[in-house]
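Have a look at the structure below, then the notes.
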Amino acid sequence: MLAALLLALALGLAACGEKSDSTTGGAAEPLGLTLDFYPNPDHAGIYMAQKLGYFEDAGLDVSIHTPADPAAPIKLVAAGRTDLAISYEPEVLLAREQGLDVVAVGAIVDRPLTSLIWLRKSGIGGVAGLRGKTIATAGIPYQDAYLKTILARAGMTPSDVKSVNVGYGLLPALVGGSAQAMLGGFSNVEGVDLKLRGKDPVVTPVDRLGVPTYDELVLVAGRKRLEEDPQPVRLFLAALARGTAAAVERPDAATKALLAANSDLDPKLTRAEVEATLPLLSKRGRMNPSEWKAFIAWMHENGLIAGRPAPSEALSDEYLAGEIPG
């Protein structure tokens, strides 16, 4: 029932934002979207919107691109080589620190997915139990700061553990036993994978361990692009709201849409990941400036950014579906 109500709400909001043929002259407006990674359950709303024709309904011809490097999308959007990109709140703040005039225009996942994970059989009872243990990380600087904050809360420092950068090899390191814990995997991806393998993981998102909450996945646009022609972004976000609501209502269809977009995905695992992801997707895309302010302060205190920009410099909710006049 809740999913149906969300779908009805999204349909109503999106209807206000649909572009009529008289506005476009009957031609769909091209819009490029660059993902943060290969198509995966985090993108369920996007691929449902594409599958069900919601982008076309909005007068958009959306082309979806997979980056060769997950760090590239935000640079591409800043350079005007793509209209929208999926990135992460920390990356938005780091990009702005580097002088890239990018703006987060909507949340896809409005809470942390990045988690500290260990296996129950390890006997680790909590963060304090990590003392002397090996922790596999992805080697991302701000995630190293996550670990520092997590350990400090337990009265420890990074020197109390052995941190090993394994890049994309987080799961093999944990399952193979070369590490007793890992930091950097997502609760809805690596956490689900481990459960399906029967490994009985203990999965704790970082905001439950002392790191301020943040928006894990956000849509990013260049400020110049928004100033010159904001309507396609509004239309995209409205269509995405419809797609997200449809995915929540029809998880089987959402799974099939993802499998069609990425044939390398394992069907059984993808279905389980989709089921874990759908409750985490932001239904309206709204971002919380107060939470951004706290996270900005944390990044500054940890030496990740030099200044403390106002949240309004880095995010804007004015392009979301709820802001489109009916």
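Residues in the structure tokens are named by chain (A, B, ... in the order shown) and by number from 1 within that chain; ligands are numbered from 1 in the order shown.
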Counting only C-alpha atoms, which residues of range 197-304 of chain A sit at most 10 Å from some atom of range 31-41 of chain A, and what is each one's closest atom pair with its distance in Å to one decimal, listed by chain and rising residue number, as JSON lines?
```
{"residue": "A:Leu217", "atom": "CA", "partner": "A:Asp36", "partner_atom": "CA", "distance": 8.7}
{"residue": "A:Val218", "atom": "CA", "partner": "A:Asp36", "partner_atom": "CA", "distance": 9.7}
{"residue": "A:Leu219", "atom": "CA", "partner": "A:Leu33", "partner_atom": "CA", "distance": 9.2}
{"residue": "A:Val220", "atom": "CA", "partner": "A:Leu33", "partner_atom": "CA", "distance": 9.7}
{"residue": "A:Ala221", "atom": "CA", "partner": "A:Leu33", "partner_atom": "CA", "distance": 9.8}
{"residue": "A:Pro232", "atom": "CA", "partner": "A:Leu31", "partner_atom": "CA", "distance": 7.4}
{"residue": "A:Val233", "atom": "CA", "partner": "A:Leu31", "partner_atom": "CA", "distance": 8.5}
{"residue": "A:Phe236", "atom": "CA", "partner": "A:Leu31", "partner_atom": "CA", "distance": 8.5}
{"residue": "A:Ala254", "atom": "CA", "partner": "A:Pro41", "partner_atom": "CA", "distance": 8.5}
{"residue": "A:Thr255", "atom": "CA", "partner": "A:Pro41", "partner_atom": "CA", "distance": 7.8}
{"residue": "A:Ala257", "atom": "CA", "partner": "A:Pro41", "partner_atom": "CA", "distance": 10.0}
{"residue": "A:Leu258", "atom": "CA", "partner": "A:Asn40", "partner_atom": "CA", "distance": 6.6}
{"residue": "A:Leu259", "atom": "CA", "partner": "A:Pro39", "partner_atom": "CA", "distance": 8.7}
{"residue": "A:Ala260", "atom": "CA", "partner": "A:Pro39", "partner_atom": "CA", "distance": 9.8}
{"residue": "A:Ala261", "atom": "CA", "partner": "A:Pro39", "partner_atom": "CA", "distance": 6.7}
{"residue": "A:Asn262", "atom": "CA", "partner": "A:Pro39", "partner_atom": "CA", "distance": 6.1}
{"residue": "A:Ser263", "atom": "CA", "partner": "A:Pro39", "partner_atom": "CA", "distance": 9.7}
{"residue": "A:Asp264", "atom": "CA", "partner": "A:Pro39", "partner_atom": "CA", "distance": 9.7}
{"residue": "A:Leu265", "atom": "CA", "partner": "A:Asn40", "partner_atom": "CA", "distance": 8.0}
{"residue": "A:Thr270", "atom": "CA", "partner": "A:Pro41", "partner_atom": "CA", "distance": 7.0}
{"residue": "A:Arg271", "atom": "CA", "partner": "A:Pro41", "partner_atom": "CA", "distance": 8.6}
{"residue": "A:Ala272", "atom": "CA", "partner": "A:Pro41", "partner_atom": "CA", "distance": 9.4}
{"residue": "A:Glu273", "atom": "CA", "partner": "A:Pro41", "partner_atom": "CA", "distance": 6.2}
{"residue": "A:Val274", "atom": "CA", "partner": "A:Pro41", "partner_atom": "CA", "distance": 5.1}
{"residue": "A:Glu275", "atom": "CA", "partner": "A:Pro41", "partner_atom": "CA", "distance": 8.7}
{"residue": "A:Ala276", "atom": "CA", "partner": "A:Pro41", "partner_atom": "CA", "distance": 8.8}
{"residue": "A:Thr277", "atom": "CA", "partner": "A:Pro41", "partner_atom": "CA", "distance": 6.4}
{"residue": "A:Leu278", "atom": "CA", "partner": "A:Pro41", "partner_atom": "CA", "distance": 8.1}
{"residue": "A:Leu281", "atom": "CA", "partner": "A:Pro41", "partner_atom": "CA", "distance": 9.8}
```
Please produce a file of those selected residues containing N, CA, C and O atoms, as a compact mmCIF listing (two decimals), in the first residue's frame.
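Output below, filename result_11.txt:
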```
# COMPACT_ATOMS: atom_id res chain seq x y z
N LEU A 217 24.76 8.67 -2.12
CA LEU A 217 24.74 8.87 -3.57
C LEU A 217 23.90 10.09 -3.92
O LEU A 217 22.75 10.21 -3.48
N VAL A 218 24.48 10.99 -4.70
CA VAL A 218 23.77 12.20 -5.11
C VAL A 218 23.93 12.41 -6.61
O VAL A 218 24.89 11.94 -7.22
N LEU A 219 22.98 13.12 -7.18
CA LEU A 219 23.08 13.57 -8.56
C LEU A 219 23.71 14.95 -8.57
O LEU A 219 23.31 15.83 -7.80
N VAL A 220 24.67 15.13 -9.47
CA VAL A 220 25.47 16.36 -9.49
C VAL A 220 25.38 17.01 -10.86
O VAL A 220 25.40 16.33 -11.89
N ALA A 221 25.27 18.33 -10.85
CA ALA A 221 25.27 19.11 -12.10
C ALA A 221 26.25 20.26 -11.96
O ALA A 221 26.62 20.66 -10.85
N PRO A 232 15.68 20.78 -18.06
CA PRO A 232 15.92 19.36 -18.26
C PRO A 232 16.30 18.62 -16.98
O PRO A 232 15.93 17.45 -16.80
N VAL A 233 17.02 19.29 -16.10
CA VAL A 233 17.38 18.67 -14.83
C VAL A 233 16.14 18.46 -13.98
O VAL A 233 15.94 17.41 -13.36
N PHE A 236 14.26 15.53 -15.46
CA PHE A 236 14.92 14.26 -15.15
C PHE A 236 14.61 13.83 -13.72
O PHE A 236 14.28 12.66 -13.47
N ALA A 254 12.20 -4.17 -11.55
CA ALA A 254 13.42 -3.39 -11.34
C ALA A 254 14.65 -4.28 -11.51
O ALA A 254 15.66 -3.87 -12.11
N THR A 255 14.57 -5.49 -10.99
CA THR A 255 15.68 -6.44 -11.14
C THR A 255 15.92 -6.76 -12.61
O THR A 255 17.07 -6.77 -13.09
N ALA A 257 15.17 -4.93 -15.17
CA ALA A 257 15.70 -3.74 -15.85
C ALA A 257 17.20 -3.63 -15.63
O ALA A 257 17.95 -3.28 -16.56
N LEU A 258 17.67 -3.94 -14.44
CA LEU A 258 19.10 -3.89 -14.15
C LEU A 258 19.86 -4.98 -14.90
O LEU A 258 20.94 -4.75 -15.44
N LEU A 259 19.29 -6.18 -14.90
CA LEU A 259 19.94 -7.29 -15.60
C LEU A 259 20.04 -7.03 -17.09
O LEU A 259 21.01 -7.41 -17.75
N ALA A 260 19.02 -6.34 -17.64
CA ALA A 260 19.05 -5.98 -19.06
C ALA A 260 20.15 -4.95 -19.33
O ALA A 260 20.76 -4.94 -20.40
N ALA A 261 20.38 -4.07 -18.34
CA ALA A 261 21.39 -3.03 -18.51
C ALA A 261 22.80 -3.55 -18.30
O ALA A 261 23.77 -3.00 -18.83
N ASN A 262 22.93 -4.62 -17.51
CA ASN A 262 24.25 -5.16 -17.20
C ASN A 262 24.17 -6.68 -17.15
O ASN A 262 23.80 -7.27 -16.12
N SER A 263 24.51 -7.32 -18.22
CA SER A 263 24.39 -8.78 -18.32
C SER A 263 25.42 -9.51 -17.46
O SER A 263 25.33 -10.73 -17.29
N ASP A 264 26.39 -8.78 -16.93
CA ASP A 264 27.40 -9.41 -16.08
C ASP A 264 26.90 -9.63 -14.66
O ASP A 264 27.56 -10.33 -13.86
N LEU A 265 25.76 -9.05 -14.31
CA LEU A 265 25.23 -9.21 -12.95
C LEU A 265 24.69 -10.62 -12.75
O LEU A 265 24.12 -11.23 -13.66
N THR A 270 21.59 -10.15 -7.62
CA THR A 270 21.00 -8.86 -7.96
C THR A 270 19.62 -8.71 -7.35
O THR A 270 19.27 -7.65 -6.81
N ARG A 271 18.80 -9.76 -7.41
CA ARG A 271 17.47 -9.70 -6.81
C ARG A 271 17.56 -9.43 -5.31
O ARG A 271 16.83 -8.59 -4.78
N ALA A 272 18.48 -10.11 -4.64
CA ALA A 272 18.65 -9.89 -3.20
C ALA A 272 19.14 -8.48 -2.91
O ALA A 272 18.68 -7.83 -1.95
N GLU A 273 20.05 -7.98 -3.73
CA GLU A 273 20.56 -6.63 -3.53
C GLU A 273 19.48 -5.58 -3.80
O GLU A 273 19.40 -4.57 -3.09
N VAL A 274 18.67 -5.82 -4.82
CA VAL A 274 17.57 -4.90 -5.11
C VAL A 274 16.60 -4.84 -3.93
O VAL A 274 16.18 -3.76 -3.51
N GLU A 275 16.25 -5.98 -3.37
CA GLU A 275 15.34 -6.00 -2.23
C GLU A 275 15.91 -5.24 -1.04
O GLU A 275 15.18 -4.57 -0.30
N ALA A 276 17.24 -5.32 -0.86
CA ALA A 276 17.88 -4.60 0.24
C ALA A 276 18.01 -3.11 -0.05
O ALA A 276 18.03 -2.29 0.87
N THR A 277 18.08 -2.77 -1.33
CA THR A 277 18.33 -1.38 -1.73
C THR A 277 17.07 -0.53 -1.80
O THR A 277 17.09 0.66 -1.42
N LEU A 278 15.98 -1.09 -2.27
CA LEU A 278 14.77 -0.29 -2.50
C LEU A 278 14.32 0.50 -1.28
O LEU A 278 13.94 1.68 -1.42
N LEU A 281 16.41 3.83 -1.07
CA LEU A 281 16.39 4.86 -2.10
C LEU A 281 15.57 6.05 -1.64
O LEU A 281 14.49 5.90 -1.05
```
If you count only C-alpha atoms, which residues fall within 10 Å of Leu151 in chain A, apart from same-chain ones fewer than 4 positions away, as a PyMOL selection string?
-> chain A and resi 127-128+130-131+145-147+155-161+209-210
Near range 68-71 of chain A, counting only C-alpha atoms, which residues have an atom at most 12 Å away, once you skip same-chain residues fewer than 5 positions from it, shown as a list in words?
->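 Returned residues: Thr34, Leu35, Asp36, Phe37, Tyr38, Leu76, Val77, Ala85, Ile86, Ser87, Tyr88, Pro90, Glu91, Val92, Leu94, Ala95, Ile140 and Tyr168 of chain A.
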Residue contacts of range 182-187 of chain A (8 Å, only C-alpha atoms) excluding same-chain residues fewer than 5 positions away, as a PyMOL selection string | chain A and resi 113-118+135-138+143+147+170-171+174+192+203-205
Expected file contents, prior selection, all heavy atoms, as a CSV table (one decimal), in the first residue's frame:
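Produced file result11.csv, reproduced below:
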```csv
chain,number,residue,atom,x,y,z
A,113,LEU,N,25.8,4.1,3.0
A,113,LEU,CA,25.8,2.7,2.7
A,113,LEU,C,27.2,2.1,3.1
A,113,LEU,O,27.3,0.9,3.5
A,113,LEU,CB,25.6,2.5,1.3
A,113,LEU,CG,24.3,2.9,0.7
A,113,LEU,CD1,24.2,2.8,-0.8
A,113,LEU,CD2,23.1,2.2,1.3
A,114,THR,N,28.2,3.0,3.1
A,114,THR,CA,29.6,2.5,3.5
A,114,THR,C,29.5,2.0,4.9
A,114,THR,O,29.1,2.6,5.8
A,114,THR,CB,30.5,3.7,3.4
A,114,THR,OG1,30.6,4.2,2.0
A,114,THR,CG2,31.9,3.2,3.8
A,115,SER,N,30.1,0.8,5.1
A,115,SER,CA,30.0,0.1,6.3
A,115,SER,C,31.3,-0.6,6.8
A,115,SER,O,32.2,-0.9,6.0
A,115,SER,CB,28.9,-1.0,6.2
A,115,SER,OG,27.6,-0.5,5.9
A,116,LEU,N,31.4,-0.8,8.1
A,116,LEU,CA,32.4,-1.6,8.7
A,116,LEU,C,31.8,-3.0,8.8
A,116,LEU,O,30.7,-3.2,9.4
A,116,LEU,CB,32.8,-1.1,10.0
A,116,LEU,CG,33.9,-1.8,10.8
A,116,LEU,CD1,35.2,-1.7,10.0
A,116,LEU,CD2,34.0,-1.2,12.2
A,117,ILE,N,32.5,-4.0,8.2
A,117,ILE,CA,32.0,-5.3,8.1
A,117,ILE,C,33.0,-6.3,8.7
A,117,ILE,O,34.2,-6.3,8.3
A,117,ILE,CB,31.6,-5.7,6.7
A,117,ILE,CG1,30.6,-4.7,6.1
A,117,ILE,CG2,31.1,-7.1,6.6
A,117,ILE,CD1,30.3,-4.8,4.7
A,118,TRP,N,32.5,-7.2,9.5
A,118,TRP,CA,33.3,-8.4,9.8
A,118,TRP,C,32.4,-9.6,9.9
A,118,TRP,O,31.2,-9.5,9.8
A,118,TRP,CB,34.1,-8.2,11.2
A,118,TRP,CG,33.2,-8.0,12.4
A,118,TRP,CD1,32.5,-8.9,13.1
A,118,TRP,CD2,33.1,-6.7,13.0
A,118,TRP,NE1,31.9,-8.3,14.1
A,118,TRP,CE2,32.2,-6.9,14.1
A,118,TRP,CE3,33.5,-5.4,12.8
A,118,TRP,CZ2,31.8,-6.0,15.0
A,118,TRP,CZ3,33.2,-4.4,13.7
A,118,TRP,CH2,32.3,-4.7,14.8
A,135,ILE,N,42.5,-4.7,8.9
A,135,ILE,CA,41.3,-4.1,8.3
A,135,ILE,C,41.6,-3.8,6.9
A,135,ILE,O,42.5,-3.0,6.6
A,135,ILE,CB,40.8,-2.9,9.1
A,135,ILE,CG1,40.5,-3.2,10.5
A,135,ILE,CG2,39.5,-2.3,8.4
A,135,ILE,CD1,40.2,-1.9,11.4
A,136,ALA,N,40.8,-4.4,6.0
A,136,ALA,CA,41.0,-4.1,4.5
A,136,ALA,C,40.2,-2.8,4.2
A,136,ALA,O,39.0,-2.7,4.6
A,136,ALA,CB,40.4,-5.3,3.7
A,137,THR,N,40.8,-1.9,3.5
A,137,THR,CA,40.2,-0.7,3.0
A,137,THR,C,40.3,-0.5,1.5
A,137,THR,O,41.1,-1.2,0.9
A,137,THR,CB,40.8,0.5,3.7
A,137,THR,OG1,42.1,0.8,3.2
A,137,THR,CG2,40.9,0.3,5.2
A,138,ALA,N,39.5,0.4,1.0
A,138,ALA,CA,39.6,0.6,-0.5
A,138,ALA,C,40.6,1.7,-0.8
A,138,ALA,O,40.8,2.1,-1.9
A,138,ALA,CB,38.2,1.1,-1.0
A,143,GLN,N,37.7,7.8,3.6
A,143,GLN,CA,37.3,6.6,4.3
A,143,GLN,C,38.3,6.2,5.4
A,143,GLN,O,38.0,5.6,6.4
A,143,GLN,CB,37.0,5.4,3.4
A,143,GLN,CG,35.8,5.6,2.5
A,143,GLN,CD,35.4,4.4,1.7
A,143,GLN,OE1,36.1,3.4,1.7
A,143,GLN,NE2,34.3,4.6,1.0
A,147,LEU,N,37.7,5.6,9.4
A,147,LEU,CA,38.3,4.6,10.3
A,147,LEU,C,38.8,5.3,11.5
A,147,LEU,O,38.7,4.8,12.7
A,147,LEU,CB,39.3,3.8,9.6
A,147,LEU,CG,40.0,2.7,10.4
A,147,LEU,CD1,39.0,1.7,10.9
A,147,LEU,CD2,41.1,2.0,9.6
A,170,LEU,N,38.0,-6.0,-1.5
A,170,LEU,CA,37.5,-6.0,-0.1
A,170,LEU,C,37.0,-7.4,0.3
A,170,LEU,O,37.3,-8.0,1.3
A,170,LEU,CB,36.5,-5.0,0.1
A,170,LEU,CG,37.0,-3.5,0.1
A,170,LEU,CD1,35.8,-2.6,0.1
A,170,LEU,CD2,37.8,-3.2,1.3
A,171,LEU,N,36.1,-7.9,-0.6
A,171,LEU,CA,35.5,-9.2,-0.3
A,171,LEU,C,36.5,-10.4,-0.3
A,171,LEU,O,36.5,-11.2,0.7
A,171,LEU,CB,34.3,-9.5,-1.3
A,171,LEU,CG,33.0,-8.9,-1.0
A,171,LEU,CD1,32.0,-9.2,-2.1
A,171,LEU,CD2,32.4,-9.4,0.3
A,174,LEU,N,38.4,-10.3,3.0
A,174,LEU,CA,37.7,-10.7,4.2
A,174,LEU,C,37.4,-12.2,4.2
A,174,LEU,O,37.6,-12.9,5.1
A,174,LEU,CB,36.4,-9.9,4.3
A,174,LEU,CG,35.6,-10.2,5.6
A,174,LEU,CD1,36.3,-9.7,6.8
A,174,LEU,CD2,34.2,-9.4,5.5
A,192,VAL,N,25.1,-7.9,1.5
A,192,VAL,CA,24.1,-8.8,1.0
A,192,VAL,C,24.9,-10.0,0.4
A,192,VAL,O,24.5,-11.2,0.5
A,192,VAL,CB,23.2,-8.2,-0.1
A,192,VAL,CG1,22.3,-9.2,-0.8
A,192,VAL,CG2,22.3,-7.2,0.6
A,203,VAL,N,27.3,-6.2,9.8
A,203,VAL,CA,27.4,-5.0,8.9
A,203,VAL,C,26.9,-3.8,9.6
A,203,VAL,O,25.7,-3.7,10.0
A,203,VAL,CB,26.5,-5.2,7.6
A,203,VAL,CG1,26.7,-4.1,6.7
A,203,VAL,CG2,26.9,-6.5,7.0
A,204,THR,N,27.7,-2.8,9.8
A,204,THR,CA,27.4,-1.5,10.5
A,204,THR,C,27.7,-0.3,9.7
A,204,THR,O,28.9,0.0,9.5
A,204,THR,CB,28.1,-1.4,11.9
A,204,THR,OG1,27.9,-2.7,12.6
A,204,THR,CG2,27.5,-0.3,12.7
A,205,PRO,N,26.7,0.4,9.2
A,205,PRO,CA,27.0,1.7,8.4
A,205,PRO,C,27.8,2.6,9.3
A,205,PRO,O,27.6,2.7,10.5
A,205,PRO,CB,25.6,2.2,8.1
A,205,PRO,CG,24.7,1.0,8.1
A,205,PRO,CD,25.3,0.1,9.2
```
Skip Glu291 in chain A itself and residues of its chain fewer than 3 positions away, then list as a list in words all residues within 7 Å of it, counting only C-alpha atoms.
->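 The residues that qualify are Thr213, Tyr214, Asn288, Ala294 and Phe295 of chain A.
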Got time to write the residues from that selection, all heavy atoms, as a PDB file, in the first residue's frame?
```
ATOM      1  N   THR A 213      26.176  11.521   9.652  1.00  0.00           N
ATOM      2  CA  THR A 213      25.428  10.988   8.522  1.00  0.00           C
ATOM      3  C   THR A 213      25.616  11.870   7.293  1.00  0.00           C
ATOM      4  O   THR A 213      25.904  13.073   7.402  1.00  0.00           O
ATOM      5  CB  THR A 213      23.941  10.836   8.863  1.00  0.00           C
ATOM      6  OG1 THR A 213      23.303  10.035   7.858  1.00  0.00           O
ATOM      7  CG2 THR A 213      23.236  12.190   8.949  1.00  0.00           C
ATOM      8  N   TYR A 214      25.448  11.291   6.130  1.00  0.00           N
ATOM      9  CA  TYR A 214      25.632  12.021   4.875  1.00  0.00           C
ATOM     10  C   TYR A 214      24.848  11.304   3.789  1.00  0.00           C
ATOM     11  O   TYR A 214      24.354  10.194   3.975  1.00  0.00           O
ATOM     12  CB  TYR A 214      27.119  12.106   4.506  1.00  0.00           C
ATOM     13  CG  TYR A 214      27.784  10.770   4.301  1.00  0.00           C
ATOM     14  CD1 TYR A 214      27.840  10.177   3.042  1.00  0.00           C
ATOM     15  CD2 TYR A 214      28.354  10.086   5.374  1.00  0.00           C
ATOM     16  CE1 TYR A 214      28.437   8.948   2.847  1.00  0.00           C
ATOM     17  CE2 TYR A 214      28.957   8.840   5.186  1.00  0.00           C
ATOM     18  CZ  TYR A 214      28.993   8.274   3.929  1.00  0.00           C
ATOM     19  OH  TYR A 214      29.573   7.052   3.742  1.00  0.00           O
ATOM     20  N   ASN A 288      19.406  17.222   3.324  1.00  0.00           N
ATOM     21  CA  ASN A 288      19.240  17.961   4.575  1.00  0.00           C
ATOM     22  C   ASN A 288      20.431  18.902   4.792  1.00  0.00           C
ATOM     23  O   ASN A 288      21.536  18.439   5.097  1.00  0.00           O
ATOM     24  CB  ASN A 288      19.121  16.963   5.735  1.00  0.00           C
ATOM     25  CG  ASN A 288      18.778  17.641   7.044  1.00  0.00           C
ATOM     26  OD1 ASN A 288      19.276  18.716   7.346  1.00  0.00           O
ATOM     27  ND2 ASN A 288      17.936  17.003   7.831  1.00  0.00           N
ATOM     28  N   ALA A 294      26.953  19.563   9.282  1.00  0.00           N
ATOM     29  CA  ALA A 294      27.691  18.755  10.254  1.00  0.00           C
ATOM     30  C   ALA A 294      28.780  17.935   9.569  1.00  0.00           C
ATOM     31  O   ALA A 294      29.894  17.781  10.102  1.00  0.00           O
ATOM     32  CB  ALA A 294      26.726  17.843  11.008  1.00  0.00           C
ATOM     33  N   PHE A 295      28.474  17.407   8.385  1.00  0.00           N
ATOM     34  CA  PHE A 295      29.468  16.600   7.682  1.00  0.00           C
ATOM     35  C   PHE A 295      30.601  17.476   7.157  1.00  0.00           C
ATOM     36  O   PHE A 295      31.768  17.074   7.172  1.00  0.00           O
ATOM     37  CB  PHE A 295      28.817  15.825   6.535  1.00  0.00           C
ATOM     38  CG  PHE A 295      29.699  14.762   5.959  1.00  0.00           C
ATOM     39  CD1 PHE A 295      29.875  13.559   6.620  1.00  0.00           C
ATOM     40  CD2 PHE A 295      30.380  14.968   4.762  1.00  0.00           C
ATOM     41  CE1 PHE A 295      30.711  12.569   6.098  1.00  0.00           C
ATOM     42  CE2 PHE A 295      31.210  13.995   4.238  1.00  0.00           C
ATOM     43  CZ  PHE A 295      31.381  12.789   4.909  1.00  0.00           C
TER      44      PHE A 295
END
```
Those in range 72-238 of chain A with strand (DSSP E or B) from DSSP, as number ranges by chain | A: 84-87, 102-109, 114-119, 134-137, 162-165, 181-186, 201-205, 217-222
Mind checking DSSP for range 36-252 of chain A and telling me the helix (DSSP H, G or I) residues as a PyMOL selection string?
-> chain A and resi 41-51+54-57+72-78+89-97+120-122+127-130+141-153+158-160+170-176+190-196+206-208+223-228+231-249+251-252
Figure out the distance between CA of Asp110 in chain A and CA of Asn302 in chain A, please, to one decimal in Å.
->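 Separating CA of Asn302 in chain A from CA of Asp110 in chain A is a distance of 22.1 Å.
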